[in-house]
file data33.pdb (PDB, C-alpha atoms and all ligand atoms)
ATOM      1  CA  LYS I  18     -29.601  24.464  12.372  1.00  0.00           C
ATOM      2  CA  LEU I  19     -33.247  23.727  11.766  1.00  0.00           C
ATOM      3  CA  LYS I  20     -32.398  20.749   9.552  1.00  0.00           C
ATOM      4  CA  ASP I  21     -30.642  19.028  12.461  1.00  0.00           C
ATOM      5  CA  LYS I  22     -33.947  19.050  14.340  1.00  0.00           C
ATOM      6  CA  ILE I  23     -35.690  16.919  11.708  1.00  0.00           C
ATOM      7  CA  ILE I  24     -36.600  13.593  13.290  1.00  0.00           C
ATOM      8  CA  LEU I  25     -35.311  10.514  11.526  1.00  0.00           C
ATOM      9  CA  LYS I  26     -38.313   8.388  10.598  1.00  0.00           C
ATOM     10  CA  ASN I  27     -37.784   4.631  10.635  1.00  0.00           C
ATOM     11  CA  HIS I  28     -40.384   3.816   8.017  1.00  0.00           C
ATOM     12  CA  ILE I  29     -40.717   5.556   4.701  1.00  0.00           C
ATOM     13  CA  GLU I  30     -44.528   5.222   4.944  1.00  0.00           C
ATOM     14  CA  GLU I  31     -44.508   7.707   7.842  1.00  0.00           C
ATOM     15  CA  ILE I  32     -42.705  10.411   5.916  1.00  0.00           C
ATOM     16  CA  ASN I  33     -44.701  13.369   4.656  1.00  0.00           C
ATOM     17  CA  ASN I  34     -42.226  16.148   3.950  1.00  0.00           C
ATOM     18  CA  LEU I  35     -39.038  16.649   1.952  1.00  0.00           C
ATOM     19  CA  ASP I  36     -36.734  17.320   4.920  1.00  0.00           C
ATOM     20  CA  GLU I  37     -37.704  14.012   6.503  1.00  0.00           C
ATOM     21  CA  LEU I  38     -37.275  12.205   3.189  1.00  0.00           C
ATOM     22  CA  GLU I  39     -33.804  13.689   2.634  1.00  0.00           C
ATOM     23  CA  LYS I  40     -32.749  12.656   6.115  1.00  0.00           C
ATOM     24  CA  TYR I  41     -34.213   9.175   5.641  1.00  0.00           C
ATOM     25  CA  ILE I  42     -32.310   8.671   2.366  1.00  0.00           C
ATOM     26  CA  LYS I  43     -29.061   9.969   3.878  1.00  0.00           C
ATOM     27  CA  ASN I  44     -29.405   7.469   6.714  1.00  0.00           C
ATOM     28  CA  SER I  45     -30.565   4.514   4.642  1.00  0.00           C
ATOM     29  CA  LYS I  46     -28.341   1.500   4.149  1.00  0.00           C
ATOM     30  CA  GLU I  47     -30.220  -0.518   1.521  1.00  0.00           C
ATOM     31  CA  CYS I  48     -28.134   0.456  -1.482  1.00  0.00           C
ATOM     32  CA  LYS I  49     -24.390  -0.190  -1.743  1.00  0.00           C
ATOM     33  CA  LEU I  50     -23.933   2.654  -4.234  1.00  0.00           C
ATOM     34  CA  LYS I  51     -23.981   4.959  -1.257  1.00  0.00           C
ATOM     35  CA  ASN I  52     -20.701   3.584   0.090  1.00  0.00           C
ATOM     36  CA  ALA I  53     -18.743   4.702  -2.946  1.00  0.00           C
ATOM     37  CA  ALA I  54     -20.474   8.074  -3.385  1.00  0.00           C
ATOM     38  CA  ASN I  55     -19.333  11.422  -1.954  1.00  0.00           C
ATOM     39  CA  SER I  56     -22.828  12.946  -1.809  1.00  0.00           C
ATOM     40  CA  THR I  57     -26.444  12.015  -1.520  1.00  0.00           C
ATOM     41  CA  VAL I  58     -27.866  14.075  -4.377  1.00  0.00           C
ATOM     42  CA  PHE I  59     -31.418  14.851  -3.298  1.00  0.00           C
ATOM     43  CA  ALA I  60     -32.921  17.597  -5.484  1.00  0.00           C
ATOM     44  CA  ASP I  61     -32.653  21.111  -6.867  1.00  0.00           C
ATOM     45  CA  GLY I  62     -35.104  23.791  -7.874  1.00  0.00           C
ATOM     46  CA  ASN I  63     -38.473  24.826  -6.522  1.00  0.00           C
ATOM     47  CA  PRO I  64     -40.247  22.196  -4.383  1.00  0.00           C
ATOM     48  CA  ASN I  65     -43.519  24.088  -4.819  1.00  0.00           C
ATOM     49  CA  SER I  66     -43.350  23.838  -8.597  1.00  0.00           C
ATOM     50  CA  LYS I  67     -46.047  21.990 -10.503  1.00  0.00           C
ATOM     51  CA  ILE I  68     -43.370  20.604 -12.834  1.00  0.00           C
ATOM     52  CA  MET I  69     -41.011  17.869 -11.638  1.00  0.00           C
ATOM     53  CA  LEU I  70     -38.123  16.497 -13.705  1.00  0.00           C
ATOM     54  CA  ILE I  71     -36.504  13.152 -12.958  1.00  0.00           C
ATOM     55  CA  GLY I  72     -33.141  12.014 -14.313  1.00  0.00           C
ATOM     56  CA  GLU I  73     -31.168   8.817 -13.860  1.00  0.00           C
ATOM     57  CA  ALA I  74     -28.373   9.262 -11.340  1.00  0.00           C
ATOM     58  CA  PRO I  75     -25.707  11.773 -10.371  1.00  0.00           C
ATOM     59  CA  GLY I  76     -22.505  11.901 -12.411  1.00  0.00           C
ATOM     60  CA  ALA I  77     -19.068  12.994 -11.233  1.00  0.00           C
ATOM     61  CA  ASP I  78     -19.911  16.724 -11.072  1.00  0.00           C
ATOM     62  CA  GLU I  79     -23.183  16.118  -9.260  1.00  0.00           C
ATOM     63  CA  ASP I  80     -21.472  13.765  -6.809  1.00  0.00           C
ATOM     64  CA  LYS I  81     -18.890  16.448  -6.079  1.00  0.00           C
ATOM     65  CA  LEU I  82     -21.358  19.334  -5.663  1.00  0.00           C
ATOM     66  CA  GLY I  83     -24.299  17.409  -4.196  1.00  0.00           C
ATOM     67  CA  LYS I  84     -26.792  18.832  -6.737  1.00  0.00           C
ATOM     68  CA  PRO I  85     -28.495  17.212  -9.730  1.00  0.00           C
ATOM     69  CA  PHE I  86     -27.638  18.228 -13.307  1.00  0.00           C
ATOM     70  CA  VAL I  87     -24.740  20.595 -12.699  1.00  0.00           C
ATOM     71  CA  GLY I  88     -22.339  19.120 -15.303  1.00  0.00           C
ATOM     72  CA  ARG I  89     -22.419  19.262 -19.115  1.00  0.00           C
ATOM     73  CA  ALA I  90     -25.788  17.502 -19.350  1.00  0.00           C
ATOM     74  CA  GLY I  91     -27.113  19.952 -16.782  1.00  0.00           C
ATOM     75  CA  LYS I  92     -26.043  22.919 -18.897  1.00  0.00           C
ATOM     76  CA  LEU I  93     -27.977  21.479 -21.838  1.00  0.00           C
ATOM     77  CA  LEU I  94     -30.943  20.794 -19.564  1.00  0.00           C
ATOM     78  CA  ASP I  95     -30.919  24.479 -18.578  1.00  0.00           C
ATOM     79  CA  LYS I  96     -31.050  25.396 -22.294  1.00  0.00           C
ATOM     80  CA  MET I  97     -33.923  22.980 -22.845  1.00  0.00           C
ATOM     81  CA  LEU I  98     -35.806  24.572 -19.969  1.00  0.00           C
ATOM     82  CA  SER I  99     -35.174  28.117 -21.163  1.00  0.00           C
ATOM     83  CA  ALA I 100     -36.456  27.141 -24.635  1.00  0.00           C
ATOM     84  CA  ILE I 101     -39.882  26.821 -23.010  1.00  0.00           C
ATOM     85  CA  SER I 102     -39.484  29.790 -20.646  1.00  0.00           C
ATOM     86  CA  LEU I 103     -38.574  27.677 -17.643  1.00  0.00           C
ATOM     87  CA  ASN I 104     -35.583  27.690 -15.337  1.00  0.00           C
ATOM     88  CA  ARG I 105     -34.477  26.058 -12.100  1.00  0.00           C
ATOM     89  CA  ASN I 106     -36.568  28.392  -9.971  1.00  0.00           C
ATOM     90  CA  LYS I 107     -39.664  27.276 -11.844  1.00  0.00           C
ATOM     91  CA  VAL I 108     -39.162  23.492 -11.798  1.00  0.00           C
ATOM     92  CA  TYR I 109     -38.099  20.835  -9.309  1.00  0.00           C
ATOM     93  CA  ILE I 110     -35.392  18.330 -10.285  1.00  0.00           C
ATOM     94  CA  SER I 111     -34.384  14.965  -8.840  1.00  0.00           C
ATOM     95  CA  ASN I 112     -33.074  11.575  -9.984  1.00  0.00           C
ATOM     96  CA  VAL I 113     -34.176   7.946  -9.682  1.00  0.00           C
ATOM     97  CA  LEU I 114     -30.899   7.249  -7.844  1.00  0.00           C
ATOM     98  CA  PRO I 115     -29.497   9.660  -5.274  1.00  0.00           C
ATOM     99  CA  TRP I 116     -25.985   8.170  -5.528  1.00  0.00           C
ATOM    100  CA  ARG I 117     -23.506   8.075  -8.373  1.00  0.00           C
ATOM    101  CA  PRO I 118     -22.828   4.604  -9.812  1.00  0.00           C
ATOM    102  CA  PRO I 119     -19.025   4.066  -9.911  1.00  0.00           C
ATOM    103  CA  SER I 120     -17.386   5.294 -13.141  1.00  0.00           C
ATOM    104  CA  ASN I 121     -20.809   6.446 -14.403  1.00  0.00           C
ATOM    105  CA  ARG I 122     -21.956   2.967 -15.353  1.00  0.00           C
ATOM    106  CA  GLU I 123     -25.677   2.447 -15.787  1.00  0.00           C
ATOM    107  CA  PRO I 124     -27.419   1.516 -12.555  1.00  0.00           C
ATOM    108  CA  ASN I 125     -28.452  -2.151 -12.494  1.00  0.00           C
ATOM    109  CA  SER I 126     -31.991  -3.296 -11.811  1.00  0.00           C
ATOM    110  CA  GLU I 127     -31.261  -4.190  -8.182  1.00  0.00           C
ATOM    111  CA  GLU I 128     -29.954  -0.676  -7.498  1.00  0.00           C
ATOM    112  CA  ILE I 129     -32.929   0.861  -9.256  1.00  0.00           C
ATOM    113  CA  LEU I 130     -35.369  -1.264  -7.239  1.00  0.00           C
ATOM    114  CA  GLN I 131     -33.609  -0.385  -3.986  1.00  0.00           C
ATOM    115  CA  CYS I 132     -33.967   3.327  -4.725  1.00  0.00           C
ATOM    116  CA  MET I 133     -37.487   3.309  -6.182  1.00  0.00           C
ATOM    117  CA  PRO I 134     -39.250   3.853  -2.838  1.00  0.00           C
ATOM    118  CA  PHE I 135     -37.288   7.128  -2.445  1.00  0.00           C
ATOM    119  CA  ILE I 136     -38.361   8.650  -5.747  1.00  0.00           C
ATOM    120  CA  GLN I 137     -41.906   7.324  -5.399  1.00  0.00           C
ATOM    121  CA  LYS I 138     -42.185   9.062  -2.031  1.00  0.00           C
ATOM    122  CA  HIS I 139     -40.484  12.136  -3.472  1.00  0.00           C
ATOM    123  CA  ILE I 140     -43.108  12.374  -6.247  1.00  0.00           C
ATOM    124  CA  GLU I 141     -45.935  11.874  -3.754  1.00  0.00           C
ATOM    125  CA  ILE I 142     -44.738  14.695  -1.526  1.00  0.00           C
ATOM    126  CA  VAL I 143     -44.116  17.178  -4.365  1.00  0.00           C
ATOM    127  CA  ASN I 144     -47.287  15.991  -6.139  1.00  0.00           C
ATOM    128  CA  PRO I 145     -46.561  17.851  -9.371  1.00  0.00           C
ATOM    129  CA  SER I 146     -49.103  18.394 -12.172  1.00  0.00           C
ATOM    130  CA  ILE I 147     -46.574  17.437 -14.824  1.00  0.00           C
ATOM    131  CA  LEU I 148     -43.760  14.916 -14.563  1.00  0.00           C
ATOM    132  CA  ILE I 149     -40.910  14.972 -17.091  1.00  0.00           C
ATOM    133  CA  LEU I 150     -38.750  11.845 -17.234  1.00  0.00           C
ATOM    134  CA  LEU I 151     -35.272  12.359 -18.639  1.00  0.00           C
ATOM    135  CA  GLY I 152     -34.027   9.351 -20.586  1.00  0.00           C
ATOM    136  CA  GLY I 153     -34.760   5.649 -20.794  1.00  0.00           C
ATOM    137  CA  THR I 154     -33.712   4.622 -17.300  1.00  0.00           C
ATOM    138  CA  ALA I 155     -36.002   7.109 -15.564  1.00  0.00           C
ATOM    139  CA  ALA I 156     -38.824   6.458 -18.030  1.00  0.00           C
ATOM    140  CA  LYS I 157     -38.667   2.662 -17.621  1.00  0.00           C
ATOM    141  CA  ALA I 158     -38.415   2.846 -13.843  1.00  0.00           C
ATOM    142  CA  ILE I 159     -41.117   5.438 -13.221  1.00  0.00           C
ATOM    143  CA  LEU I 160     -43.565   4.191 -15.844  1.00  0.00           C
ATOM    144  CA  THR I 161     -42.774   0.547 -14.892  1.00  0.00           C
ATOM    145  CA  THR I 162     -42.412  -0.501 -18.491  1.00  0.00           C
ATOM    146  CA  ASN I 163     -39.905  -2.326 -20.664  1.00  0.00           C
ATOM    147  CA  ILE I 164     -40.698  -0.142 -23.643  1.00  0.00           C
ATOM    148  CA  GLY I 165     -37.649   1.776 -24.855  1.00  0.00           C
ATOM    149  CA  ILE I 166     -37.380   5.559 -24.742  1.00  0.00           C
ATOM    150  CA  THR I 167     -37.722   5.985 -28.527  1.00  0.00           C
ATOM    151  CA  LYS I 168     -41.252   4.549 -28.289  1.00  0.00           C
ATOM    152  CA  LEU I 169     -42.157   6.498 -25.136  1.00  0.00           C
ATOM    153  CA  ILE I 170     -41.327   9.982 -26.456  1.00  0.00           C
ATOM    154  CA  GLY I 171     -43.904  12.009 -28.362  1.00  0.00           C
ATOM    155  CA  LYS I 172     -46.915  11.173 -26.218  1.00  0.00           C
ATOM    156  CA  TRP I 173     -48.432  11.718 -22.808  1.00  0.00           C
ATOM    157  CA  HIS I 174     -48.426   8.998 -20.172  1.00  0.00           C
ATOM    158  CA  LYS I 175     -49.940   8.756 -16.723  1.00  0.00           C
ATOM    159  CA  TYR I 176     -48.028   8.103 -13.535  1.00  0.00           C
ATOM    160  CA  ASN I 177     -50.036   6.340 -10.873  1.00  0.00           C
ATOM    161  CA  SER I 178     -49.148   5.797  -7.263  1.00  0.00           C
ATOM    162  CA  LEU I 179     -51.227   4.211  -4.509  1.00  0.00           C
ATOM    163  CA  ASN I 180     -51.003   7.303  -2.336  1.00  0.00           C
ATOM    164  CA  LEU I 181     -51.882   9.830  -5.018  1.00  0.00           C
ATOM    165  CA  LYS I 182     -55.507  10.870  -5.469  1.00  0.00           C
ATOM    166  CA  LYS I 183     -55.140  11.258  -9.232  1.00  0.00           C
ATOM    167  CA  PRO I 184     -52.621  10.170 -11.862  1.00  0.00           C
ATOM    168  CA  ILE I 185     -49.932  12.645 -12.909  1.00  0.00           C
ATOM    169  CA  LEU I 186     -49.561  13.671 -16.553  1.00  0.00           C
ATOM    170  CA  THR I 187     -46.134  12.396 -17.577  1.00  0.00           C
ATOM    171  CA  ARG I 188     -43.847  12.947 -20.509  1.00  0.00           C
ATOM    172  CA  ALA I 189     -40.624  11.069 -21.303  1.00  0.00           C
ATOM    173  CA  ILE I 190     -37.968  12.874 -23.352  1.00  0.00           C
ATOM    174  CA  PHE I 191     -34.423  12.061 -24.430  1.00  0.00           C
ATOM    175  CA  HIS I 192     -31.790  12.566 -21.760  1.00  0.00           C
ATOM    176  CA  PRO I 193     -29.626  15.685 -22.277  1.00  0.00           C
ATOM    177  CA  ALA I 194     -26.457  13.535 -21.991  1.00  0.00           C
ATOM    178  CA  PHE I 195     -27.768  11.431 -24.891  1.00  0.00           C
ATOM    179  CA  LEU I 196     -28.534  14.608 -26.863  1.00  0.00           C
ATOM    180  CA  LEU I 197     -24.930  15.746 -26.370  1.00  0.00           C
ATOM    181  CA  ARG I 198     -23.769  12.496 -27.997  1.00  0.00           C
ATOM    182  CA  SER I 199     -26.538  12.359 -30.613  1.00  0.00           C
ATOM    183  CA  PRO I 200     -27.544  15.945 -31.473  1.00  0.00           C
ATOM    184  CA  GLN I 201     -29.692  14.720 -34.370  1.00  0.00           C
ATOM    185  CA  TYR I 202     -32.355  13.904 -31.757  1.00  0.00           C
ATOM    186  CA  LYS I 203     -32.535  17.483 -30.519  1.00  0.00           C
ATOM    187  CA  LYS I 204     -35.136  18.420 -33.121  1.00  0.00           C
ATOM    188  CA  VAL I 205     -37.676  15.834 -31.968  1.00  0.00           C
ATOM    189  CA  THR I 206     -36.909  16.701 -28.361  1.00  0.00           C
ATOM    190  CA  TRP I 207     -37.649  20.366 -28.985  1.00  0.00           C
ATOM    191  CA  GLN I 208     -41.011  19.285 -30.428  1.00  0.00           C
ATOM    192  CA  ASP I 209     -41.680  17.342 -27.232  1.00  0.00           C
ATOM    193  CA  LEU I 210     -40.728  20.406 -25.214  1.00  0.00           C
ATOM    194  CA  GLN I 211     -43.175  22.526 -27.171  1.00  0.00           C
ATOM    195  CA  GLU I 212     -46.008  20.118 -26.430  1.00  0.00           C
ATOM    196  CA  ILE I 213     -45.039  20.248 -22.773  1.00  0.00           C
ATOM    197  CA  GLU I 214     -45.095  24.061 -22.924  1.00  0.00           C
ATOM    198  CA  ILE I 215     -48.622  24.000 -24.369  1.00  0.00           C
ATOM    199  CA  GLU I 216     -49.785  21.728 -21.538  1.00  0.00           C
ATOM    200  CA  ILE I 217     -48.174  23.978 -18.934  1.00  0.00           C
ATOM    201  CA  GLY I 218     -49.957  26.944 -20.544  1.00  0.00           C
ATOM    202  CA  LYS I 219     -53.323  25.203 -20.177  1.00  0.00           C
ATOM    203  CA  TYR I 220     -52.545  24.430 -16.589  1.00  0.00           C
ATOM    204  CA  ASP I 221     -51.599  28.062 -15.847  1.00  0.00           C
ATOM    205  CA  LYS I 222     -54.929  29.285 -17.245  1.00  0.00           C
ATOM    206  CA  ASN I 223     -57.004  26.873 -15.176  1.00  0.00           C
ATOM    207  CA  ASN I 224     -55.358  27.604 -11.853  1.00  0.00           C
TER     208      ASN I 224
HETATM  209  N1  LIG L 301     -27.516  12.808 -15.402  1.00  0.00           N
HETATM  210  C1  LIG L 301     -28.593  12.500 -14.660  1.00  0.00           C
HETATM  211  O1  LIG L 301     -29.402  11.665 -15.034  1.00  0.00           O
HETATM  212  N2  LIG L 301     -28.764  13.139 -13.515  1.00  0.00           N
HETATM  213  C2  LIG L 301     -27.933  14.077 -13.066  1.00  0.00           C
HETATM  214  O2  LIG L 301     -28.176  14.621 -12.003  1.00  0.00           O
HETATM  215  C3  LIG L 301     -26.817  14.385 -13.859  1.00  0.00           C
HETATM  216  C4  LIG L 301     -26.628  13.747 -15.015  1.00  0.00           C
END
call {"tool": "encode", "arguments": {"input": "data33.pdb", "output": "structure tokens"}}
result
Amino acid sequence: KLKDKIILKNHIEEINNLDELEKYIKNSKECKLKNAANSTVFADGNPNSKIMLIGEAPGADEDKLGKPFVGRAGKLLDKMLSAISLNRNKVYISNVLPWRPPSNREPNSEEILQCMPFIQKHIEIVNPSILILLGGTAAKAILTTNIGITKLIGKWHKYNSLNLKKPILTRAIFHPAFLLRSPQYKKVTWQDLQEIEIEIGKYDKNN
């Protein structure tokens, strides 16, 4: 198989494509979460998309199937995408953590910090035009802020990275798993989605 021929890079700085990054993460030993997980959940969707979504971490279903957002939250995410004429072939999806935290607990700050270089590199390689952060954990980690998700929704942010030529337009929205528990926040989330759709429309016209 072609994937077996990918060379394992020793330093994340040397990596410049997704196959190398996936192999690097699968071989990494920095984060103990990996020991308890069944899969390294890397990504799903279209790596050439200009829209990248980032969630928190795999849950039980994702850990079993090796793909992000395939459980109940994933089904709602698919509905959210279709509300703005998107689907998994039109976006690229990953998580801050590639491994499931045991019993779905929230990842702690050490685990998040250990995995940050992976998602930072992942964003750099995909280099999307629009980044959508799903929920407070992803928003805090990627935007390096302590501000809670309720204050981050409803506006555009910029994601900066040393290796990116220009900042990426970023939007944080409520996590679909949270929306399943608290459906009263769906309305405001659909407004966020509409603003994202407008931005995508502008982008499509200019390119
Ligand atoms: N929740 C997440 O944040 N990511 C997944 O992949 C699944 C559920």
call {"tool": "residues_near_ligand", "arguments": {"input": "data33.pdb", "ligand": "ligand LIG 301 (chain L)", "cutoff": "8 Å", "atoms": "all atoms listed in the file", "output": "list of chain:residue names"}}
result
I:Val58, I:Ile71, I:Gly72, I:Glu73, I:Ala74, I:Pro75, I:Gly76, I:Asp78, I:Glu79, I:Lys84, I:Pro85, I:Phe86, I:Val87, I:Gly88, I:Ala90, I:Gly91, I:Ser111, I:Asn112, I:Leu151, I:Gly152, I:His192, I:Pro193, I:Ala194
call {"tool": "write_last_selection", "arguments": {"input": "data33.pdb", "atoms": "C-alpha atoms", "output": "CSV table (one decimal), in the frame of the given file"}}
result
chain,number,residue,atom,x,y,z
I,58,VAL,CA,-27.9,14.1,-4.4
I,71,ILE,CA,-36.5,13.2,-13.0
I,72,GLY,CA,-33.1,12.0,-14.3
I,73,GLU,CA,-31.2,8.8,-13.9
I,74,ALA,CA,-28.4,9.3,-11.3
I,75,PRO,CA,-25.7,11.8,-10.4
I,76,GLY,CA,-22.5,11.9,-12.4
I,78,ASP,CA,-19.9,16.7,-11.1
I,79,GLU,CA,-23.2,16.1,-9.3
I,84,LYS,CA,-26.8,18.8,-6.7
I,85,PRO,CA,-28.5,17.2,-9.7
I,86,PHE,CA,-27.6,18.2,-13.3
I,87,VAL,CA,-24.7,20.6,-12.7
I,88,GLY,CA,-22.3,19.1,-15.3
I,90,ALA,CA,-25.8,17.5,-19.4
I,91,GLY,CA,-27.1,20.0,-16.8
I,111,SER,CA,-34.4,15.0,-8.8
I,112,ASN,CA,-33.1,11.6,-10.0
I,151,LEU,CA,-35.3,12.4,-18.6
I,152,GLY,CA,-34.0,9.4,-20.6
I,192,HIS,CA,-31.8,12.6,-21.8
I,193,PRO,CA,-29.6,15.7,-22.3
I,194,ALA,CA,-26.5,13.5,-22.0
call {"tool": "residues_around", "arguments": {"input": "data33.pdb", "residues": "Leu179 (chain I)", "least_positions_apart": "2", "cutoff": "12 Å", "atoms": "all atoms listed in the file", "output": "JSON list (two decimals) with C-alpha atoms, in the frame of the given file"}}
result
[["chain", "number", "residue", "atom", "x", "y", "z"],
["I", 30, "GLU", "CA", -44.53, 5.22, 4.94],
["I", 137, "GLN", "CA", -41.91, 7.32, -5.40],
["I", 138, "LYS", "CA", -42.18, 9.06, -2.03],
["I", 140, "ILE", "CA", -43.11, 12.37, -6.25],
["I", 141, "GLU", "CA", -45.94, 11.87, -3.75],
["I", 176, "TYR", "CA", -48.03, 8.10, -13.54],
["I", 177, "ASN", "CA", -50.04, 6.34, -10.87],
["I", 181, "LEU", "CA", -51.88, 9.83, -5.02],
["I", 182, "LYS", "CA", -55.51, 10.87, -5.47],
["I", 183, "LYS", "CA", -55.14, 11.26, -9.23],
["I", 184, "PRO", "CA", -52.62, 10.17, -11.86],
["I", 185, "ILE", "CA", -49.93, 12.64, -12.91]]
call {"tool": "closest_atom_pairs", "arguments": {"input": "data33.pdb", "of": "region 144-193 of chain I", "to": "region 199-219 of chain I", "cutoff": "9 Å", "atoms": "all atoms listed in the file", "output": "tab-separated table"}}
result
residue	atom	partner	partner_atom	distance
I:Ser146	CA	I:Ile217	CA	8.8
I:Ile147	CA	I:Ile217	CA	7.9
I:Ile149	CA	I:Ile213	CA	8.8
I:Ile170	CA	I:Asp209	CA	7.4
I:Gly171	CA	I:Asp209	CA	5.9
I:Lys172	CA	I:Asp209	CA	8.2
I:Arg188	CA	I:Ile213	CA	7.7
I:Ala189	CA	I:Asp209	CA	8.7
I:Ile190	CA	I:Thr206	CA	6.4
I:Phe191	CA	I:Thr206	CA	6.6
I:Pro193	CA	I:Lys203	CA	8.9
call {"tool": "atom_distance", "arguments": {"input": "data33.pdb", "atom1": "CA of Val113 (chain I)", "atom2": "CA of Leu98 (chain I)"}}
result
19.6 Å
call {"tool": "atom_distance", "arguments": {"input": "data33.pdb", "atom1": "CA of Lys81 (chain I)", "atom2": "CA of Asn55 (chain I)"}}
result
6.5 Å
call {"tool": "closest_residue", "arguments": {"input": "data33.pdb", "among": "I:Leu70, I:Ala156, I:Leu169, I:Leu186", "to": "Met97 (chain I)", "atoms": "only C-alpha atoms"}}
result
I:Leu70
call {"tool": "atom_distance", "arguments": {"input": "data33.pdb", "atom1": "CA of Arg198 (chain I)", "atom2": "CA of Met69 (chain I)"}}
result
24.4 Å
call {"tool": "closest_residue", "arguments": {"input": "data33.pdb", "among": "I:Leu93, I:Ile68, I:Lys107, I:Ala100", "to": "Thr187 (chain I)", "atoms": "all atoms listed in the file"}}
result
I:Ile68
call {"tool": "resolve_selection", "arguments": {"input": "data33.pdb", "expression": "the PyMOL selection byres (((chain I and resi 47) around 12) and not hetatm)", "output": "VMD selection string"}}
result
chain I and resid 41 to 46 48 to 52 116 127 to 135
call {"tool": "write_last_selection", "arguments": {"input": "data33.pdb", "atoms": "C-alpha atoms", "output": "PDB file, in the frame of the given file"}}
result
ATOM      1  CA  TYR I  41     -34.213   9.175   5.641  1.00  0.00           C
ATOM      2  CA  ILE I  42     -32.310   8.671   2.366  1.00  0.00           C
ATOM      3  CA  LYS I  43     -29.061   9.969   3.878  1.00  0.00           C
ATOM      4  CA  ASN I  44     -29.405   7.469   6.714  1.00  0.00           C
ATOM      5  CA  SER I  45     -30.565   4.514   4.642  1.00  0.00           C
ATOM      6  CA  LYS I  46     -28.341   1.500   4.149  1.00  0.00           C
ATOM      7  CA  CYS I  48     -28.134   0.456  -1.482  1.00  0.00           C
ATOM      8  CA  LYS I  49     -24.390  -0.190  -1.743  1.00  0.00           C
ATOM      9  CA  LEU I  50     -23.933   2.654  -4.234  1.00  0.00           C
ATOM     10  CA  LYS I  51     -23.981   4.959  -1.257  1.00  0.00           C
ATOM     11  CA  ASN I  52     -20.701   3.584   0.090  1.00  0.00           C
ATOM     12  CA  TRP I 116     -25.985   8.170  -5.528  1.00  0.00           C
ATOM     13  CA  GLU I 127     -31.261  -4.190  -8.182  1.00  0.00           C
ATOM     14  CA  GLU I 128     -29.954  -0.676  -7.498  1.00  0.00           C
ATOM     15  CA  ILE I 129     -32.929   0.861  -9.256  1.00  0.00           C
ATOM     16  CA  LEU I 130     -35.369  -1.264  -7.239  1.00  0.00           C
ATOM     17  CA  GLN I 131     -33.609  -0.385  -3.986  1.00  0.00           C
ATOM     18  CA  CYS I 132     -33.967   3.327  -4.725  1.00  0.00           C
ATOM     19  CA  MET I 133     -37.487   3.309  -6.182  1.00  0.00           C
ATOM     20  CA  PRO I 134     -39.250   3.853  -2.838  1.00  0.00           C
ATOM     21  CA  PHE I 135     -37.288   7.128  -2.445  1.00  0.00           C
TER      22      PHE I 135
END
call {"tool": "residues_around", "arguments": {"input": "data33.pdb", "residues": "Glu37 (chain I)", "least_positions_apart": "2", "cutoff": "9 Å", "atoms": "only C-alpha atoms", "output": "MDAnalysis selection string"}}
result
chainID I and resid 23:26 32:35 39:42
call {"tool": "axis_aligned_box", "arguments": {"input": "data33.pdb", "around": "region 112-125 of chain I", "padding_each_side": "6 Å", "output": "AutoDock Vina command-line options"}}
result
--center_x -25.8 --center_y 4.7 --center_z -10.5 --size_x 28.8 --size_y 25.7 --size_z 22.5
call {"tool": "closest_residue", "arguments": {"input": "data33.pdb", "among": "I:Lys157, I:Arg89, I:Lys67, I:Lys96", "to": "Asn144 (chain I)", "atoms": "all atoms listed in the file"}}
result
I:Lys67
call {"tool": "closest_residue", "arguments": {"input": "data33.pdb", "among": "I:Ala60, I:Tyr220, I:Leu148, I:Leu196", "to": "Leu94 (chain I)", "atoms": "only C-alpha atoms"}}
result
I:Leu196
